[in-house]
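Engineer: Let me begin by handing over the structure; questions about it come next.
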Amino acid sequence: GFDCDDPILLMQEDFFISEAVHGEAVEDAVQALKQHGAGFFRLYPCPGPLDPGRVLGGLRGGWTYGPILRGEAYRISCQAAIWCPDYLSQILRIGTSCSDFELLGSPASAVFDPVGLSVYRDPWPPPLTYLCSAISRGKWSRNAVAMLRAEGLDVSARAVEDA
């Protein structure tokens, strides 16, 4: 099995948290990860489990979760997830870019991995909600600029995407 004594919350640096994080649900997700012997637990369902009939449990706050099955597209994803370090290490050996991680990691995960878990899309928003890809091709997205300005932060160091 994979060592999961110290799970890791992994998300990309340009994912801007946009709402309060539901800490109790995240704690429940860590426990579910260990209980099911899973390699990861995705907190932002993009994609989430495809089969609504395979609910494995629930988190405080009303979210349910289920498996992301072998062979599903983007089974391995850069979306925010809690990872067992040993399992994450296996996936990271496959490639160094985000696209390698997702595109090569997804089919490779079927060979050596335990189940992957994710919250379902309903209810929305998920326990950890964020703006995906605040930066694209070196430029701020308009949504990111709005968030940063609302917090009183300077955005002049980087160009803003065109309309």
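Labels for the structure tokens follow display order: chains A, B, ..., residues from 1 in each chain, ligands from 1.
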Would you kindly return, as a list in words, each protein, DNA or RNA residue with an atom no farther than 12 Å from any atom of Arg137 in chain A, considering only C-alpha atoms and excluding same-chain residues fewer than 5 positions away?
Structural biologist: Asp14, Arg158, Ala159, Val160, Glu161 and Asp162 of chain A
Engineer: Can you write out the residues you just picked, keeping all heavy atoms, as a CSV table (one decimal), in the first residue's frame?
Structural biologist:
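So the final result, stored in result_30.csv, reads:
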chain,number,residue,atom,x,y,z
A,14,ASP,N,-1.6,29.3,-9.4
A,14,ASP,CA,-2.5,30.3,-10.0
A,14,ASP,C,-3.9,29.9,-9.8
A,14,ASP,O,-4.8,30.4,-10.5
A,14,ASP,CB,-2.1,30.6,-11.5
A,14,ASP,CG,-2.5,29.4,-12.4
A,14,ASP,OD1,-2.5,28.3,-11.9
A,14,ASP,OD2,-2.7,29.7,-13.6
A,158,ARG,N,2.3,42.4,-14.3
A,158,ARG,CA,2.0,41.4,-15.4
A,158,ARG,C,0.9,42.0,-16.3
A,158,ARG,O,0.0,42.6,-15.8
A,158,ARG,CB,1.5,40.1,-14.7
A,158,ARG,CG,1.2,39.0,-15.6
A,158,ARG,CD,0.7,37.7,-14.8
A,158,ARG,NE,1.7,37.2,-13.9
A,158,ARG,CZ,2.7,36.3,-14.2
A,158,ARG,NH1,2.8,35.9,-15.4
A,158,ARG,NH2,3.5,36.0,-13.2
A,159,ALA,N,0.9,41.6,-17.5
A,159,ALA,CA,-0.1,42.1,-18.5
A,159,ALA,C,-1.4,41.4,-18.2
A,159,ALA,O,-1.5,40.3,-17.6
A,159,ALA,CB,0.3,41.8,-19.9
A,160,VAL,N,-2.5,42.0,-18.7
A,160,VAL,CA,-3.9,41.4,-18.5
A,160,VAL,C,-4.3,40.9,-19.9
A,160,VAL,O,-4.0,41.5,-20.9
A,160,VAL,CB,-4.9,42.5,-18.0
A,160,VAL,CG1,-6.3,41.9,-17.9
A,160,VAL,CG2,-4.4,43.0,-16.6
A,161,GLU,N,-5.0,39.8,-19.9
A,161,GLU,CA,-5.5,39.2,-21.1
A,161,GLU,C,-6.4,40.2,-21.9
A,161,GLU,O,-7.0,41.0,-21.3
A,161,GLU,CB,-6.3,37.9,-20.8
A,161,GLU,CG,-7.6,38.1,-20.2
A,161,GLU,CD,-8.3,36.8,-19.8
A,161,GLU,OE1,-7.8,35.7,-20.1
A,161,GLU,OE2,-9.4,36.9,-19.2
A,162,ASP,N,-6.4,40.0,-23.2
A,162,ASP,CA,-7.3,40.8,-24.0
A,162,ASP,C,-8.7,40.5,-23.8
A,162,ASP,O,-9.1,39.3,-23.4
A,162,ASP,CB,-6.9,40.7,-25.5
A,162,ASP,CG,-5.5,41.1,-25.8
A,162,ASP,OD1,-5.0,42.0,-25.1
A,162,ASP,OD2,-4.8,40.5,-26.6
Engineer: Considering only C-alpha atoms, return as an NGL selection string whatever protein or nucleic-acid residues lie within 6 Å of Gly116 in chain A, sequence-local ones (same chain, fewer than 2 positions apart) excluded.
Structural biologist: :A and (38-40 or 67-68)
Engineer: Given the selection you just returned, output its residues as a file containing C-alpha atoms, formatted as a short mmCIF file (atom, residue, chain, number, x, y, z; two decimals), in the first residue's frame.
Structural biologist:
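Okay, this is what ended up in part.cif:
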data_model
loop_
_atom_site.label_atom_id
_atom_site.label_comp_id
_atom_site.auth_asym_id
_atom_site.auth_seq_id
_atom_site.Cartn_x
_atom_site.Cartn_y
_atom_site.Cartn_z
CA ALA A 38 -7.13 5.90 -1.78
CA GLY A 39 -4.24 7.55 -3.59
CA PHE A 40 -5.92 10.95 -3.70
CA PRO A 67 -14.59 6.91 -6.95
CA ILE A 68 -12.88 8.20 -10.05
#
Engineer: Please return as a VMD selection string: the residues of range 3-154 of chain A that backbone DSSP assigns to strand (DSSP E).
Structural biologist: chain A and resid 8 to 10 16 to 17 40 to 42 57 to 58 64 to 68 81 to 83 116 to 119 130 to 131 135 to 136 139 to 140
Engineer: Give me, as a ChimeraX atom specification, the residues of range 14-71 of chain A that a backbone DSSP run labels alpha helix (DSSP H).
Structural biologist: /A:23-35
Engineer: Just to be explicit: take each residue in the selection above, keep N, CA, C and O atoms, and write the result as an mmCIF file, in the first residue's frame.
Structural biologist:
data_model
loop_
_atom_site.group_PDB
_atom_site.id
_atom_site.type_symbol
_atom_site.label_atom_id
_atom_site.label_comp_id
_atom_site.auth_asym_id
_atom_site.auth_seq_id
_atom_site.Cartn_x
_atom_site.Cartn_y
_atom_site.Cartn_z
ATOM 1 N N GLY A 23 -13.152 23.708 6.302
ATOM 2 C CA GLY A 23 -12.117 22.919 6.955
ATOM 3 C C GLY A 23 -12.587 21.569 7.470
ATOM 4 O O GLY A 23 -11.858 20.582 7.375
ATOM 5 N N GLU A 24 -13.810 21.507 8.018
ATOM 6 C CA GLU A 24 -14.305 20.224 8.532
ATOM 7 C C GLU A 24 -14.483 19.216 7.402
ATOM 8 O O GLU A 24 -14.202 18.039 7.572
ATOM 9 N N ALA A 25 -14.923 19.676 6.245
ATOM 10 C CA ALA A 25 -15.071 18.779 5.098
ATOM 11 C C ALA A 25 -13.702 18.299 4.620
ATOM 12 O O ALA A 25 -13.542 17.138 4.243
ATOM 13 N N VAL A 26 -12.713 19.179 4.655
ATOM 14 C CA VAL A 26 -11.352 18.787 4.263
ATOM 15 C C VAL A 26 -10.814 17.747 5.242
ATOM 16 O O VAL A 26 -10.211 16.743 4.830
ATOM 17 N N GLU A 27 -11.051 17.946 6.529
ATOM 18 C CA GLU A 27 -10.636 16.946 7.528
ATOM 19 C C GLU A 27 -11.310 15.604 7.263
ATOM 20 O O GLU A 27 -10.670 14.549 7.338
ATOM 21 N N ASP A 28 -12.597 15.630 6.932
ATOM 22 C CA ASP A 28 -13.322 14.396 6.612
ATOM 23 C C ASP A 28 -12.738 13.729 5.369
ATOM 24 O O ASP A 28 -12.659 12.501 5.291
ATOM 25 N N ALA A 29 -12.334 14.539 4.392
ATOM 26 C CA ALA A 29 -11.746 13.997 3.165
ATOM 27 C C ALA A 29 -10.433 13.274 3.465
ATOM 28 O O ALA A 29 -10.155 12.217 2.893
ATOM 29 N N VAL A 30 -9.638 13.828 4.380
ATOM 30 C CA VAL A 30 -8.387 13.164 4.773
ATOM 31 C C VAL A 30 -8.703 11.811 5.402
ATOM 32 O O VAL A 30 -8.059 10.798 5.090
ATOM 33 N N GLN A 31 -9.712 11.768 6.253
ATOM 34 C CA GLN A 31 -10.086 10.502 6.888
ATOM 35 C C GLN A 31 -10.613 9.496 5.855
ATOM 36 O O GLN A 31 -10.299 8.307 5.918
ATOM 37 N N ALA A 32 -11.400 9.977 4.889
ATOM 38 C CA ALA A 32 -11.920 9.095 3.837
ATOM 39 C C ALA A 32 -10.790 8.549 2.976
ATOM 40 O O ALA A 32 -10.791 7.374 2.593
ATOM 41 N N LEU A 33 -9.812 9.387 2.693
ATOM 42 C CA LEU A 33 -8.632 8.976 1.930
ATOM 43 C C LEU A 33 -7.977 7.779 2.602
ATOM 44 O O LEU A 33 -7.700 6.755 1.962
ATOM 45 N N LYS A 34 -7.774 7.878 3.893
ATOM 46 C CA LYS A 34 -7.135 6.799 4.653
ATOM 47 C C LYS A 34 -8.056 5.584 4.787
ATOM 48 O O LYS A 34 -7.624 4.450 4.627
ATOM 49 N N GLN A 35 -9.320 5.824 5.072
ATOM 50 C CA GLN A 35 -10.281 4.742 5.260
ATOM 51 C C GLN A 35 -10.394 3.858 4.026
ATOM 52 O O GLN A 35 -10.471 2.637 4.126
#
Engineer: Tell me, as a list in words, which residues lie within 10 Å of Cys98 in chain A, counting only C-alpha atoms; anything in the same chain fewer than 4 positions away does not count.
Structural biologist: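 Skipping anything fewer than 4 positions along the chain leaves Gln12, Ser77, Cys78, Leu92, Glu102, Leu103, Leu104 and Gly105 of chain A.
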Engineer: Taking only C-alpha atoms into account, name the residue in A:Ala80, A:Arg70, A:Thr96, A:Thr129 that is nearest to Val111 in chain A.
Structural biologist: A:Arg70
